[in-house]
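Raw work27.cif, mmCIF, C-alpha atoms and all ligand atoms:
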data_final
loop_
_atom_site.group_PDB
_atom_site.id
_atom_site.type_symbol
_atom_site.label_atom_id
_atom_site.label_comp_id
_atom_site.auth_asym_id
_atom_site.auth_seq_id
_atom_site.Cartn_x
_atom_site.Cartn_y
_atom_site.Cartn_z
ATOM 1 C CA MET A 807 2.221 20.378 8.715
ATOM 2 C CA ASN A 808 1.363 17.890 6.008
ATOM 3 C CA LYS A 809 4.354 18.769 3.999
ATOM 4 C CA GLN A 810 5.984 17.868 7.260
ATOM 5 C CA ILE A 811 4.685 14.280 7.025
ATOM 6 C CA LEU A 812 6.413 13.743 3.720
ATOM 7 C CA GLU A 813 9.581 15.447 4.907
ATOM 8 C CA ASN A 814 9.695 13.289 8.017
ATOM 9 C CA ILE A 815 9.227 10.161 5.948
ATOM 10 C CA MET A 816 12.003 11.194 3.567
ATOM 11 C CA THR A 817 14.323 11.914 6.482
ATOM 12 C CA ASP A 818 13.600 8.406 7.747
ATOM 13 C CA TYR A 819 14.469 6.935 4.367
ATOM 14 C CA ASN A 820 17.766 8.839 4.366
ATOM 15 C CA LYS A 821 18.562 7.517 7.813
ATOM 16 C CA LYS A 822 17.713 3.972 6.739
ATOM 17 C CA ARG A 823 19.965 4.185 3.683
ATOM 18 C CA LEU A 824 22.849 5.620 5.684
ATOM 19 C CA LYS A 825 22.449 2.940 8.314
ATOM 20 C CA ALA A 826 22.382 0.195 5.679
ATOM 21 C CA ALA A 827 25.515 1.580 4.025
ATOM 22 C CA ARG A 828 27.306 1.918 7.358
ATOM 23 C CA GLU A 829 26.455 -1.650 8.314
ATOM 24 C CA ALA A 830 27.676 -2.942 4.966
ATOM 25 C CA GLU A 831 30.911 -1.008 5.472
ATOM 26 C CA GLU A 832 31.351 -2.578 8.900
ATOM 27 C CA ARG A 833 30.805 -6.072 7.523
ATOM 28 C CA LYS A 834 33.357 -5.352 4.828
ATOM 29 C CA LYS A 835 35.911 -4.205 7.393
ATOM 30 C CA LYS A 836 35.355 -7.340 9.455
ATOM 31 C CA LEU A 837 35.666 -9.508 6.381
ATOM 32 C CA TYR A 838 38.892 -7.871 5.226
ATOM 33 C CA GLU A 839 40.402 -8.244 8.672
ATOM 34 C CA ALA A 840 39.687 -11.949 8.661
ATOM 35 C CA PHE A 841 40.634 -12.470 4.994
ATOM 36 C CA PRO A 842 43.227 -9.922 3.857
ATOM 37 C CA GLU A 843 43.472 -11.773 0.534
ATOM 38 C CA LEU A 844 39.913 -10.674 -0.203
ATOM 39 C CA GLU A 845 40.784 -7.043 0.318
ATOM 40 C CA GLU A 846 43.754 -7.471 -1.988
ATOM 41 C CA ALA A 847 41.599 -9.201 -4.621
ATOM 42 C CA ASP A 848 38.983 -6.430 -4.482
ATOM 43 C CA ARG A 849 41.737 -3.829 -4.773
ATOM 44 C CA GLN A 850 43.283 -5.558 -7.771
ATOM 45 C CA ILE A 851 39.927 -5.987 -9.492
ATOM 46 C CA MET A 852 39.260 -2.300 -9.064
ATOM 47 C CA LEU A 853 42.681 -1.295 -10.410
ATOM 48 C CA LEU A 854 42.332 -3.557 -13.423
ATOM 49 C CA SER A 855 38.850 -2.224 -14.128
ATOM 50 C CA ILE A 856 40.202 1.324 -14.139
ATOM 51 C CA LYS A 857 43.020 0.234 -16.431
ATOM 52 C CA LEU A 858 40.461 -1.342 -18.723
ATOM 53 C CA SER A 859 38.411 1.797 -19.092
ATOM 54 C CA LYS A 860 41.538 3.888 -19.665
ATOM 55 C CA LEU A 861 42.560 1.482 -22.380
ATOM 56 C CA PHE A 862 39.406 2.207 -24.355
ATOM 57 C CA ILE A 863 40.169 5.910 -24.227
ATOM 58 C CA SER A 864 43.809 5.625 -25.313
ATOM 59 C CA ALA A 865 42.922 2.940 -27.897
ATOM 60 C CA PRO A 866 46.424 1.491 -28.590
ATOM 61 C CA ASP A 867 47.140 -0.634 -31.699
ATOM 62 C CA ASN A 868 46.844 -3.915 -29.849
ATOM 63 C CA LEU A 869 43.681 -2.816 -28.016
ATOM 64 C CA GLU A 870 41.844 -6.066 -28.563
ATOM 65 C CA GLU A 871 44.706 -8.178 -27.293
ATOM 66 C CA GLN A 872 45.213 -6.042 -24.177
ATOM 67 C CA VAL A 873 41.478 -5.951 -23.389
ATOM 68 C CA LEU A 874 41.297 -9.703 -23.657
ATOM 69 C CA GLN A 875 44.238 -10.135 -21.291
ATOM 70 C CA LEU A 876 42.841 -7.682 -18.733
ATOM 71 C CA ARG A 877 39.430 -9.326 -18.797
ATOM 72 C CA LYS A 878 41.053 -12.685 -18.256
ATOM 73 C CA ASP A 879 43.009 -11.337 -15.290
ATOM 74 C CA ILE A 880 39.878 -9.851 -13.760
ATOM 75 C CA GLU A 881 37.994 -13.109 -14.255
ATOM 76 C CA ASN A 882 40.782 -15.040 -12.558
ATOM 77 C CA LEU A 883 40.755 -12.725 -9.578
ATOM 78 C CA LYS A 884 36.972 -13.016 -9.298
ATOM 79 C CA ARG A 885 37.196 -16.798 -9.426
ATOM 80 C CA LYS A 886 39.800 -16.803 -6.690
ATOM 81 C CA ARG A 887 37.616 -14.486 -4.639
ATOM 82 C CA SER A 888 34.565 -16.695 -5.088
ATOM 83 C CA LYS A 889 36.571 -19.698 -3.979
ATOM 84 C CA THR A 890 37.594 -17.965 -0.747
ATOM 85 C CA TYR A 891 33.916 -17.171 -0.131
ATOM 86 C CA GLU A 892 32.873 -20.755 -0.778
ATOM 87 C CA ASP A 893 35.676 -22.377 1.189
ATOM 88 C CA ASN A 894 34.829 -20.285 4.229
ATOM 89 C CA ASN A 895 31.047 -20.407 3.923
ATOM 90 C CA ILE A 896 30.776 -16.652 3.564
ATOM 91 C CA PRO A 897 27.369 -15.649 2.140
ATOM 92 C CA LYS A 898 27.760 -14.329 -1.420
ATOM 93 C CA ASP A 899 26.013 -11.064 -0.568
ATOM 94 C CA TYR A 900 27.840 -10.592 2.729
ATOM 95 C CA ILE A 901 29.163 -7.114 1.992
ATOM 96 C CA ASP A 902 26.236 -5.968 -0.152
ATOM 97 C CA ILE A 903 24.117 -3.170 1.242
ATOM 98 C CA ARG A 904 20.980 -4.662 2.781
ATOM 99 C CA TYR A 905 18.017 -2.352 2.425
ATOM 100 C CA GLU A 906 14.850 -2.758 4.435
ATOM 101 C CA CYS A 907 12.898 -2.560 1.194
ATOM 102 C CA GLU A 908 14.572 -4.245 -1.744
ATOM 103 C CA LYS A 909 12.017 -2.899 -4.205
ATOM 104 C CA CYS A 910 13.139 0.713 -3.794
ATOM 105 C CA SER A 911 16.468 0.406 -1.934
ATOM 106 C CA ASP A 912 14.914 2.548 0.805
ATOM 107 C CA THR A 913 14.428 5.531 -1.464
ATOM 108 C CA GLY A 914 10.611 5.345 -1.518
ATOM 109 C CA TYR A 915 10.585 5.232 -5.298
ATOM 110 C CA THR A 916 10.989 2.297 -7.667
ATOM 111 C CA ALA A 917 13.247 2.326 -10.723
ATOM 112 C CA ASP A 918 10.396 3.504 -12.962
ATOM 113 C CA GLY A 919 9.847 6.565 -10.759
ATOM 114 C CA LYS A 920 6.658 5.267 -9.120
ATOM 115 C CA ARG A 921 5.985 5.512 -5.416
ATOM 116 C CA CYS A 922 6.980 2.287 -3.732
ATOM 117 C CA SER A 923 4.329 0.416 -1.755
ATOM 118 C CA CYS A 924 6.431 0.980 1.379
ATOM 119 C CA LEU A 925 6.168 4.746 0.876
ATOM 120 C CA ASN A 926 2.406 4.550 0.388
ATOM 121 C CA LYS A 927 2.079 2.659 3.649
ATOM 122 C CA GLN A 928 4.133 5.269 5.460
ATOM 123 C CA ILE A 929 2.147 8.144 4.029
ATOM 124 C CA ILE A 930 -1.111 6.498 4.988
ATOM 125 C CA SER A 931 0.036 5.797 8.491
ATOM 126 C CA GLY A 932 1.193 9.412 8.675
ATOM 127 C CA LEU A 933 -2.240 10.566 7.577
ATOM 128 C CA TYR A 934 -3.883 8.187 10.032
ATOM 129 C CA ASN A 935 -1.855 9.471 12.912
ATOM 130 C CA MET A 936 -2.945 12.949 11.999
ATOM 131 C CA SER A 937 -6.630 12.110 11.808
ATOM 132 C CA ASN A 938 -8.614 10.643 14.675
ATOM 133 C CA MET A 939 -8.630 7.306 12.868
ATOM 134 C CA VAL A 940 -6.138 5.621 15.179
ATOM 135 C CA HIS A 941 -8.322 6.393 18.149
ATOM 136 C CA MET A 942 -11.396 5.194 16.251
ATOM 137 C CA LEU A 943 -9.823 1.876 15.309
ATOM 138 C CA SER A 944 -8.745 1.187 18.854
ATOM 139 C CA LYS A 945 -12.422 1.415 19.846
ATOM 140 C CA GLU A 946 -14.104 -0.178 16.838
ATOM 141 C CA ASN A 947 -12.597 -3.512 15.830
ATOM 142 C CA PHE A 948 -13.472 -7.193 15.676
ATOM 143 C CA ASP A 949 -12.508 -7.600 19.353
ATOM 144 C CA THR A 950 -14.942 -4.961 20.523
ATOM 145 C CA PHE A 951 -17.692 -6.007 18.111
ATOM 146 C CA ASP A 952 -20.689 -7.233 20.122
ATOM 147 C CA ILE A 953 -23.026 -9.449 18.138
ATOM 148 C CA ASN A 954 -25.485 -9.465 21.050
ATOM 149 C CA VAL A 955 -26.651 -5.942 20.371
ATOM 150 C CA PHE A 956 -28.499 -7.356 17.358
ATOM 151 C CA SER A 957 -31.997 -8.638 17.862
ATOM 152 C CA ASN A 958 -32.777 -12.279 17.271
ATOM 153 C CA GLU A 959 -36.395 -11.581 16.411
ATOM 154 C CA VAL A 960 -37.728 -11.658 12.879
ATOM 155 C CA TYR A 961 -37.489 -8.226 11.284
ATOM 156 C CA LYS A 962 -40.181 -7.193 8.769
ATOM 157 C CA ASN A 963 -40.155 -9.729 5.955
ATOM 158 C CA GLU A 964 -36.471 -10.615 6.133
ATOM 159 C CA LYS A 965 -35.754 -14.337 6.283
ATOM 160 C CA LEU A 966 -32.922 -14.049 8.789
ATOM 161 C CA THR A 967 -33.124 -12.231 12.096
ATOM 162 C CA PRO A 968 -30.800 -9.183 12.324
ATOM 163 C CA LYS A 969 -28.484 -11.241 14.530
ATOM 164 C CA GLN A 970 -28.306 -14.174 12.103
ATOM 165 C CA ASN A 971 -27.772 -11.714 9.282
ATOM 166 C CA MET A 972 -24.957 -10.068 11.202
ATOM 167 C CA TYR A 973 -23.252 -13.440 11.670
ATOM 168 C CA ASN A 974 -23.180 -13.776 7.883
ATOM 169 C CA ILE A 975 -21.825 -10.264 7.440
ATOM 170 C CA LEU A 976 -19.202 -10.884 10.077
ATOM 171 C CA GLU A 977 -18.107 -14.042 8.288
ATOM 172 C CA ALA A 978 -17.958 -12.236 4.944
ATOM 173 C CA ALA A 979 -15.910 -9.430 6.512
ATOM 174 C CA GLU A 980 -13.463 -11.873 8.065
ATOM 175 C CA ASP A 981 -13.199 -13.776 4.790
ATOM 176 C CA PHE A 982 -12.515 -10.516 3.022
ATOM 177 C CA CYS A 983 -9.601 -9.821 5.370
ATOM 178 C CA ASN A 984 -8.197 -13.345 5.328
ATOM 179 C CA ASN A 985 -8.299 -13.639 1.551
ATOM 180 C CA PHE A 986 -7.449 -10.044 0.852
ATOM 181 C CA HIS A 987 -4.635 -10.795 -1.563
ATOM 182 C CA ARG A 988 -6.258 -13.876 -3.063
ATOM 183 C CA THR A 989 -9.683 -12.895 -4.354
ATOM 184 C CA GLY A 990 -11.018 -10.087 -6.506
ATOM 185 C CA ILE A 991 -14.047 -9.492 -4.318
ATOM 186 C CA ASN A 992 -15.100 -6.031 -3.185
ATOM 187 C CA LEU A 993 -17.827 -5.284 -0.648
ATOM 188 C CA LEU A 994 -20.964 -3.175 -0.767
ATOM 189 C CA PHE A 995 -22.536 -2.489 2.640
ATOM 190 C CA TYR A 996 -26.029 -1.065 2.327
ATOM 191 C CA GLY A 997 -28.984 -0.408 4.590
ATOM 192 C CA GLY A 998 -30.293 2.156 7.051
ATOM 193 C CA THR A 999 -28.278 4.236 9.489
ATOM 194 C CA GLY A 1000 -27.188 3.047 12.906
ATOM 195 C CA LEU A 1001 -26.826 -0.600 11.913
ATOM 196 C CA GLY A 1002 -23.080 -0.932 12.200
ATOM 197 C CA LYS A 1003 -21.851 -0.372 8.639
ATOM 198 C CA THR A 1004 -19.149 2.093 9.619
ATOM 199 C CA PHE A 1005 -18.228 -0.068 12.574
ATOM 200 C CA MET A 1006 -17.762 -3.021 10.223
ATOM 201 C CA CYS A 1007 -15.601 -0.894 7.906
ATOM 202 C CA ASN A 1008 -13.432 0.005 10.881
ATOM 203 C CA CYS A 1009 -13.115 -3.650 11.936
ATOM 204 C CA ILE A 1010 -11.804 -4.521 8.484
ATOM 205 C CA ALA A 1011 -9.525 -1.474 8.337
ATOM 206 C CA LYS A 1012 -7.958 -2.330 11.698
ATOM 207 C CA VAL A 1013 -7.136 -5.929 10.755
ATOM 208 C CA LEU A 1014 -5.681 -5.008 7.384
ATOM 209 C CA ILE A 1015 -3.664 -2.037 8.628
ATOM 210 C CA ASP A 1016 -2.156 -4.325 11.255
ATOM 211 C CA ARG A 1017 -1.187 -6.605 8.364
ATOM 212 C CA GLU A 1018 0.596 -3.774 6.603
ATOM 213 C CA VAL A 1019 -2.079 -3.227 3.966
ATOM 214 C CA SER A 1020 -2.487 0.420 2.986
ATOM 215 C CA VAL A 1021 -6.063 1.411 3.762
ATOM 216 C CA LEU A 1022 -7.622 4.751 2.998
ATOM 217 C CA TYR A 1023 -10.920 5.572 4.688
ATOM 218 C CA GLN A 1024 -12.916 8.450 3.239
ATOM 219 C CA THR A 1025 -16.465 9.560 3.631
ATOM 220 C CA SER A 1026 -18.029 10.096 0.272
ATOM 221 C CA PHE A 1027 -18.200 13.807 1.058
ATOM 222 C CA SER A 1028 -14.480 14.158 1.798
ATOM 223 C CA LEU A 1029 -13.587 11.904 -1.127
ATOM 224 C CA PHE A 1030 -15.257 14.153 -3.683
ATOM 225 C CA GLU A 1031 -13.956 17.235 -1.928
ATOM 226 C CA THR A 1032 -10.425 15.891 -2.436
ATOM 227 C CA VAL A 1033 -11.105 15.105 -6.086
ATOM 228 C CA GLU A 1034 -12.667 18.506 -6.650
ATOM 229 C CA ASN A 1035 -9.728 20.330 -5.080
ATOM 230 C CA HIS A 1036 -7.396 18.343 -7.239
ATOM 231 C CA LYS A 1037 -9.261 18.974 -10.481
ATOM 232 C CA PHE A 1038 -10.356 22.562 -10.061
ATOM 233 C CA ASN A 1039 -7.812 24.188 -7.732
ATOM 234 C CA LYS A 1040 -4.592 22.810 -9.170
ATOM 235 C CA GLN A 1041 -2.709 26.051 -8.443
ATOM 236 C CA SER A 1042 -3.592 26.223 -4.786
ATOM 237 C CA GLU A 1043 -3.843 22.502 -4.120
ATOM 238 C CA THR A 1044 -2.202 21.602 -0.821
ATOM 239 C CA GLU A 1045 0.380 18.873 -0.449
ATOM 240 C CA GLU A 1046 -2.067 17.050 1.808
ATOM 241 C CA ASN A 1047 -4.780 17.106 -0.833
ATOM 242 C CA ARG A 1048 -2.418 15.796 -3.477
ATOM 243 C CA MET A 1049 -1.392 12.950 -1.180
ATOM 244 C CA TYR A 1050 -4.991 12.012 -0.503
ATOM 245 C CA TYR A 1051 -5.836 12.221 -4.201
ATOM 246 C CA ASN A 1052 -3.024 9.864 -5.193
ATOM 247 C CA MET A 1053 -3.937 7.492 -2.394
ATOM 248 C CA ILE A 1054 -7.492 7.182 -3.696
ATOM 249 C CA PHE A 1055 -6.017 5.285 -6.616
ATOM 250 C CA GLU A 1056 -2.904 3.788 -5.067
ATOM 251 C CA CYS A 1057 -3.973 2.417 -1.684
ATOM 252 C CA ASP A 1058 -4.582 -1.327 -1.408
ATOM 253 C CA LEU A 1059 -8.030 -0.804 0.098
ATOM 254 C CA LEU A 1060 -10.249 2.236 -0.337
ATOM 255 C CA ILE A 1061 -13.243 2.528 1.961
ATOM 256 C CA ILE A 1062 -15.897 4.935 0.740
ATOM 257 C CA ASP A 1063 -18.270 5.521 3.620
ATOM 258 C CA ASP A 1064 -21.708 7.095 3.326
ATOM 259 C CA LEU A 1065 -21.933 7.041 -0.441
ATOM 260 C CA GLY A 1066 -24.958 9.087 -1.443
ATOM 261 C CA THR A 1067 -24.432 11.892 1.071
ATOM 262 C CA GLU A 1068 -22.245 13.863 -1.345
ATOM 263 C CA PHE A 1069 -23.700 16.573 -3.519
ATOM 264 C CA ASN A 1070 -24.504 14.342 -6.459
ATOM 265 C CA ASN A 1071 -24.056 15.632 -10.006
ATOM 266 C CA SER A 1072 -22.509 14.650 -13.327
ATOM 267 C CA PHE A 1073 -19.051 15.488 -11.988
ATOM 268 C CA THR A 1074 -19.294 13.171 -8.977
ATOM 269 C CA ASN A 1075 -20.836 10.490 -11.202
ATOM 270 C CA ALA A 1076 -17.968 10.662 -13.680
ATOM 271 C CA GLU A 1077 -15.340 10.730 -10.947
ATOM 272 C CA LEU A 1078 -16.893 7.854 -9.024
ATOM 273 C CA PHE A 1079 -16.868 5.762 -12.179
ATOM 274 C CA ASN A 1080 -13.256 6.715 -12.785
ATOM 275 C CA ILE A 1081 -12.231 5.711 -9.257
ATOM 276 C CA ILE A 1082 -14.103 2.402 -9.199
ATOM 277 C CA ASN A 1083 -13.080 1.479 -12.728
ATOM 278 C CA GLU A 1084 -9.418 2.382 -12.259
ATOM 279 C CA ARG A 1085 -9.220 0.410 -9.038
ATOM 280 C CA LEU A 1086 -10.828 -2.636 -10.656
ATOM 281 C CA ILE A 1087 -8.362 -2.486 -13.536
ATOM 282 C CA THR A 1088 -5.388 -2.247 -11.197
ATOM 283 C CA GLU A 1089 -6.895 -4.997 -8.994
ATOM 284 C CA LYS A 1090 -7.154 -2.875 -5.890
ATOM 285 C CA LYS A 1091 -9.952 -3.481 -3.407
ATOM 286 C CA THR A 1092 -12.786 -1.151 -2.524
ATOM 287 C CA ILE A 1093 -15.508 -1.204 0.111
ATOM 288 C CA ILE A 1094 -18.535 0.995 -0.400
ATOM 289 C CA SER A 1095 -20.927 1.717 2.410
ATOM 290 C CA THR A 1096 -24.229 3.493 1.805
ATOM 291 C CA ASN A 1097 -27.536 4.259 3.469
ATOM 292 C CA LEU A 1098 -29.266 3.972 0.115
ATOM 293 C CA SER A 1099 -31.144 0.871 -0.979
ATOM 294 C CA LEU A 1100 -30.028 -0.927 -4.134
ATOM 295 C CA GLU A 1101 -32.920 0.696 -6.021
ATOM 296 C CA GLN A 1102 -31.934 4.149 -4.808
ATOM 297 C CA LEU A 1103 -28.325 3.507 -5.772
ATOM 298 C CA ALA A 1104 -29.408 2.566 -9.275
ATOM 299 C CA GLU A 1105 -31.495 5.745 -9.496
ATOM 300 C CA THR A 1106 -28.676 7.951 -8.252
ATOM 301 C CA TYR A 1107 -25.698 6.629 -10.175
ATOM 302 C CA SER A 1108 -25.095 5.970 -13.840
ATOM 303 C CA ASP A 1109 -25.618 2.544 -15.396
ATOM 304 C CA ARG A 1110 -21.932 2.084 -16.025
ATOM 305 C CA ILE A 1111 -21.139 2.653 -12.334
ATOM 306 C CA MET A 1112 -23.856 0.259 -11.260
ATOM 307 C CA SER A 1113 -22.798 -2.435 -13.688
ATOM 308 C CA ARG A 1114 -19.259 -2.271 -12.291
ATOM 309 C CA VAL A 1115 -20.613 -2.418 -8.748
ATOM 310 C CA PHE A 1116 -23.090 -5.230 -9.317
ATOM 311 C CA ASN A 1117 -20.514 -7.311 -11.175
ATOM 312 C CA ASN A 1118 -17.613 -6.836 -8.802
ATOM 313 C CA PHE A 1119 -18.986 -6.120 -5.328
ATOM 314 C CA ALA A 1120 -20.589 -8.589 -2.939
ATOM 315 C CA PRO A 1121 -23.711 -6.816 -1.606
ATOM 316 C CA LEU A 1122 -24.340 -7.156 2.134
ATOM 317 C CA LYS A 1123 -27.571 -5.773 3.492
ATOM 318 C CA PHE A 1124 -27.709 -4.340 7.004
ATOM 319 C CA TYR A 1125 -31.154 -4.242 8.561
ATOM 320 C CA GLY A 1126 -32.877 -4.145 11.908
ATOM 321 C CA LYS A 1127 -33.708 -1.490 14.449
ATOM 322 C CA ASP A 1128 -31.491 1.603 14.475
ATOM 323 C CA LEU A 1129 -29.012 0.773 17.242
ATOM 324 C CA ARG A 1130 -27.053 4.001 17.337
ATOM 325 C CA TRP A 1131 -24.491 1.828 18.990
ATOM 326 C CA GLU A 1132 -21.750 3.506 17.073
ATOM 327 C CA SER A 1133 -22.113 6.579 19.215
ATOM 328 C CA LYS A 1134 -21.918 4.646 22.474
HETATM 329 ZN ZN ZN B 1201 10.097 0.400 -0.893
#
Please go through the file and, once you have read it, give me the structure as structure tokens.
Ligand SMILES: [Zn+2]
Amino acid sequence: MNKQILENIMTDYNKKRLKAAREAEERKKKLYEAFPELEEADRQIMLLSIKLSKLFISAPDNLEEQVLQLRKDIENLKRKRSKTYEDNNIPKDYIDIRYECEKCSDTGYTADGKRCSCLNKQIISGLYNMSNMVHMLSKENFDTFDINVFSNEVYKNEKLTPKQNMYNILEAAEDFCNNFHRTGINLLFYGGTGLGKTFMCNCIAKVLIDREVSVLYQTSFSLFETVENHKFNKQSETEENRMYYNMIFECDLLIIDDLGTEFNNSFTNAELFNIINERLITEKKTIISTNLSLEQLAETYSDRIMSRVFNNFAPLKFYGKDLRWESK
């Protein structure tokens, strides 16, 4: 079924390209009807161009002279054509094919063979539709976020009450969304369970997805499962797994939820570093959410991971009484 996602997307691209070509053809027909001299000019230019290439093959004695003459004729025709366009206020690109995505001409791939950002978005939305994420995001977003569930009484020895603290987090989350393409800031949500970390991740995901940002949400457990399948089961790796694996590096925003719940070992440590480091280098954003304290994080993960995190992630501490509001 997941192969199906990609196939459906590719069918869509084909349809888009055909539609764009058909529309360009229709514009051309309309244009030629109104300006027959343009059709004639285009026809002549084409004939002369063919003559020119034939000339190079036959290579007569006066090749240079004939080439020069033909080029001059073609230039003249093009000038005449341009003048008709200008005199009649016809846009220069009127009969060009107009693709929805100019970066990849609606093929999904750019000239250097890389997946176009428009294809990544489509794949992610395909994956989202398959998961229960869409349903989740319709329930958990900034509009349904209720600040009043947080207590306004001092909590342990924290300076701010949980409610005041949540106002700050909310502001940071909104800033993160509004300046998504402008700053290099990543977010680290940490603190106990049931305090709204996942909810806050979903709020951010919803806003950014609506703004056409490609967002991949993964629990730490599923993230490493994907990486493991990719690294160790290459032969039997499913299309779905490969898509997820590529998205870990290619999506605009990666949300790693519940970091610390995976089976932690040197493999996960190395891979986590690889993911975080690669995404920093390519200037892609990451949000990490964890139930561990900063001290526990530092004990669990290697120094080089923690130095990347501490230098590039804004830490936001969630605290207060376990609300379990996420399960409401
Ligand atoms: Zn594209």
For each of A:Tyr891, A:Phe862, A:Tyr915, A:Tyr838, take the minimum atom-to-atom distance to ligand ZN 1201 (chain B), counting only C-alpha atoms and all ligand atoms, then give the residue where this is smallest.
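Closest to ligand ZN 1201 (chain B) of all the choices is A:Tyr915.
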Given the PyMOL selection byres (((chain A and resi 901-906) around 7) and not hetatm), the residues it picks as an MDAnalysis selection string:
chainID A and resid 823 826:827 830 833:834 899:900 907:908 911:912
So the first atom is atom CA of Leu993 of chain A and the second is atom CA of Val955 of chain A; what is the distance between them in Å, to one decimal place?
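Here the two named atoms are 22.8 Å from each other.
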Please identify the residues whose atoms come within 12 Å of ligand ZN 1201 (chain B), using all atoms listed in the file, and report them as an NGL selection string.
:A and (815-816 or 819 or 822-823 or 905-917 or 919-928)
Suppose a student applies the PyMOL selection byres (((chain A and resi 998-1004) around 6) and not hetatm) to this structure; what residues should they get, written as a count of residues only?
8
Extract, using all atoms listed in the file, all DNA, RNA and protein residues at most 12 Å from segment 1034-1047 of chain A, discarding same-chain residues fewer than 6 positions from it, and format them as number ranges by chain.
A: 807-813, 929-930, 932-933, 936, 1027-1028, 1053-1054, 1068-1069, 1073-1074, 1076-1078
Residues as selected, C-alpha atoms, written as a PDB file, in the coordinates of the input, can you do that?
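Contents of selection_24.pdb, as written:
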ATOM      1  CA  MET A 807       2.221  20.378   8.715  1.00  0.00           C
ATOM      2  CA  ASN A 808       1.363  17.890   6.008  1.00  0.00           C
ATOM      3  CA  LYS A 809       4.354  18.769   3.999  1.00  0.00           C
ATOM      4  CA  GLN A 810       5.984  17.868   7.260  1.00  0.00           C
ATOM      5  CA  ILE A 811       4.685  14.280   7.025  1.00  0.00           C
ATOM      6  CA  LEU A 812       6.413  13.743   3.720  1.00  0.00           C
ATOM      7  CA  GLU A 813       9.581  15.447   4.907  1.00  0.00           C
ATOM      8  CA  ILE A 929       2.147   8.144   4.029  1.00  0.00           C
ATOM      9  CA  ILE A 930      -1.111   6.498   4.988  1.00  0.00           C
ATOM     10  CA  GLY A 932       1.193   9.412   8.675  1.00  0.00           C
ATOM     11  CA  LEU A 933      -2.240  10.566   7.577  1.00  0.00           C
ATOM     12  CA  MET A 936      -2.945  12.949  11.999  1.00  0.00           C
ATOM     13  CA  PHE A1027     -18.200  13.807   1.058  1.00  0.00           C
ATOM     14  CA  SER A1028     -14.480  14.158   1.798  1.00  0.00           C
ATOM     15  CA  MET A1053      -3.937   7.492  -2.394  1.00  0.00           C
ATOM     16  CA  ILE A1054      -7.492   7.182  -3.696  1.00  0.00           C
ATOM     17  CA  GLU A1068     -22.245  13.863  -1.345  1.00  0.00           C
ATOM     18  CA  PHE A1069     -23.700  16.573  -3.519  1.00  0.00           C
ATOM     19  CA  PHE A1073     -19.051  15.488 -11.988  1.00  0.00           C
ATOM     20  CA  THR A1074     -19.294  13.171  -8.977  1.00  0.00           C
ATOM     21  CA  ALA A1076     -17.968  10.662 -13.680  1.00  0.00           C
ATOM     22  CA  GLU A1077     -15.340  10.730 -10.947  1.00  0.00           C
ATOM     23  CA  LEU A1078     -16.893   7.854  -9.024  1.00  0.00           C
TER      24      LEU A1078
END
Å distance separating atom CA of Thr890 of chain A from atom CA of Asp848 of chain A, one decimal place:
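About the pair atom CA of Thr890 of chain A and atom CA of Asp848 of chain A: they are 12.2 Å apart.
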State, in Å with one decimal place, the distance from atom CA of Phe956 of chain A to atom CA of Met972 of chain A.
7.6 Å
Would you mind telling me which residue in A:Lys1090, A:Ser859, A:Ser1095, A:Tyr1125 lies nearest to His987 of chain A when using all atoms listed in the file?
A:Lys1090
Taking all atoms listed in the file into account, which of A:Asp952, A:Glu1018, A:Glu1105, A:Glu1031 comes nearest Lys969 of chain A?
A:Asp952
What are the centre and edge lengths in Å, to one decimal, of the axis-aligned box around all listed atoms of segment 992-996 of chain A with 8 Å added on each side, as JSON?
{"center_x": -20.6, "center_y": -3.5, "center_z": -0.3, "size_x": 26.9, "size_y": 21.0, "size_z": 21.8}
Please identify all polymer residues lying at most 6 Å from the point (-25.7, 8.4, 2.2) (file coordinates), using only C-alpha atoms, and present the result as a ChimeraX atom specification.
/A:1064-1067,1096-1097
Residues returned when the PyMOL selection byres (((chain A and resi 1017) around 12) and not hetatm) runs on this file, as an NGL selection string
:A and (927 or 983-984 or 986-987 or 1010-1016 or 1018-1021 or 1058)
Find the spatial neighbours of Ile991 of chain A, counting only C-alpha atoms, within a cut-off of 9 Å - ignore same-chain residues fewer than 5 positions away - and output them as a PDB file with C-alpha atoms, in the frame of the given file.
ATOM      1  CA  PHE A 982     -12.515 -10.516   3.022  1.00  0.00           C
ATOM      2  CA  PHE A 986      -7.449 -10.044   0.852  1.00  0.00           C
ATOM      3  CA  LYS A1091      -9.952  -3.481  -3.407  1.00  0.00           C
ATOM      4  CA  THR A1092     -12.786  -1.151  -2.524  1.00  0.00           C
ATOM      5  CA  ASN A1118     -17.613  -6.836  -8.802  1.00  0.00           C
ATOM      6  CA  PHE A1119     -18.986  -6.120  -5.328  1.00  0.00           C
ATOM      7  CA  ALA A1120     -20.589  -8.589  -2.939  1.00  0.00           C
TER       8      ALA A1120
END
Please provide as a PyMOL selection string all residues within 10 Å of Ser957 of chain A, with the sequence filter that same-chain residues fewer than 2 positions apart are discarded (counting only C-alpha atoms).
chain A and resi 953-955+959-961+967-970+972+1126-1127+1129
Go ahead and dump the residues you just picked, C-alpha atoms, as a short mmCIF file (atom, residue, chain, number, x, y, z; two decimals), keeping the file's coordinate frame.
data_model
loop_
_atom_site.label_atom_id
_atom_site.label_comp_id
_atom_site.auth_asym_id
_atom_site.auth_seq_id
_atom_site.Cartn_x
_atom_site.Cartn_y
_atom_site.Cartn_z
CA ILE A 953 -23.03 -9.45 18.14
CA ASN A 954 -25.48 -9.46 21.05
CA VAL A 955 -26.65 -5.94 20.37
CA GLU A 959 -36.40 -11.58 16.41
CA VAL A 960 -37.73 -11.66 12.88
CA TYR A 961 -37.49 -8.23 11.28
CA THR A 967 -33.12 -12.23 12.10
CA PRO A 968 -30.80 -9.18 12.32
CA LYS A 969 -28.48 -11.24 14.53
CA GLN A 970 -28.31 -14.17 12.10
CA MET A 972 -24.96 -10.07 11.20
CA GLY A 1126 -32.88 -4.14 11.91
CA LYS A 1127 -33.71 -1.49 14.45
CA LEU A 1129 -29.01 0.77 17.24
#
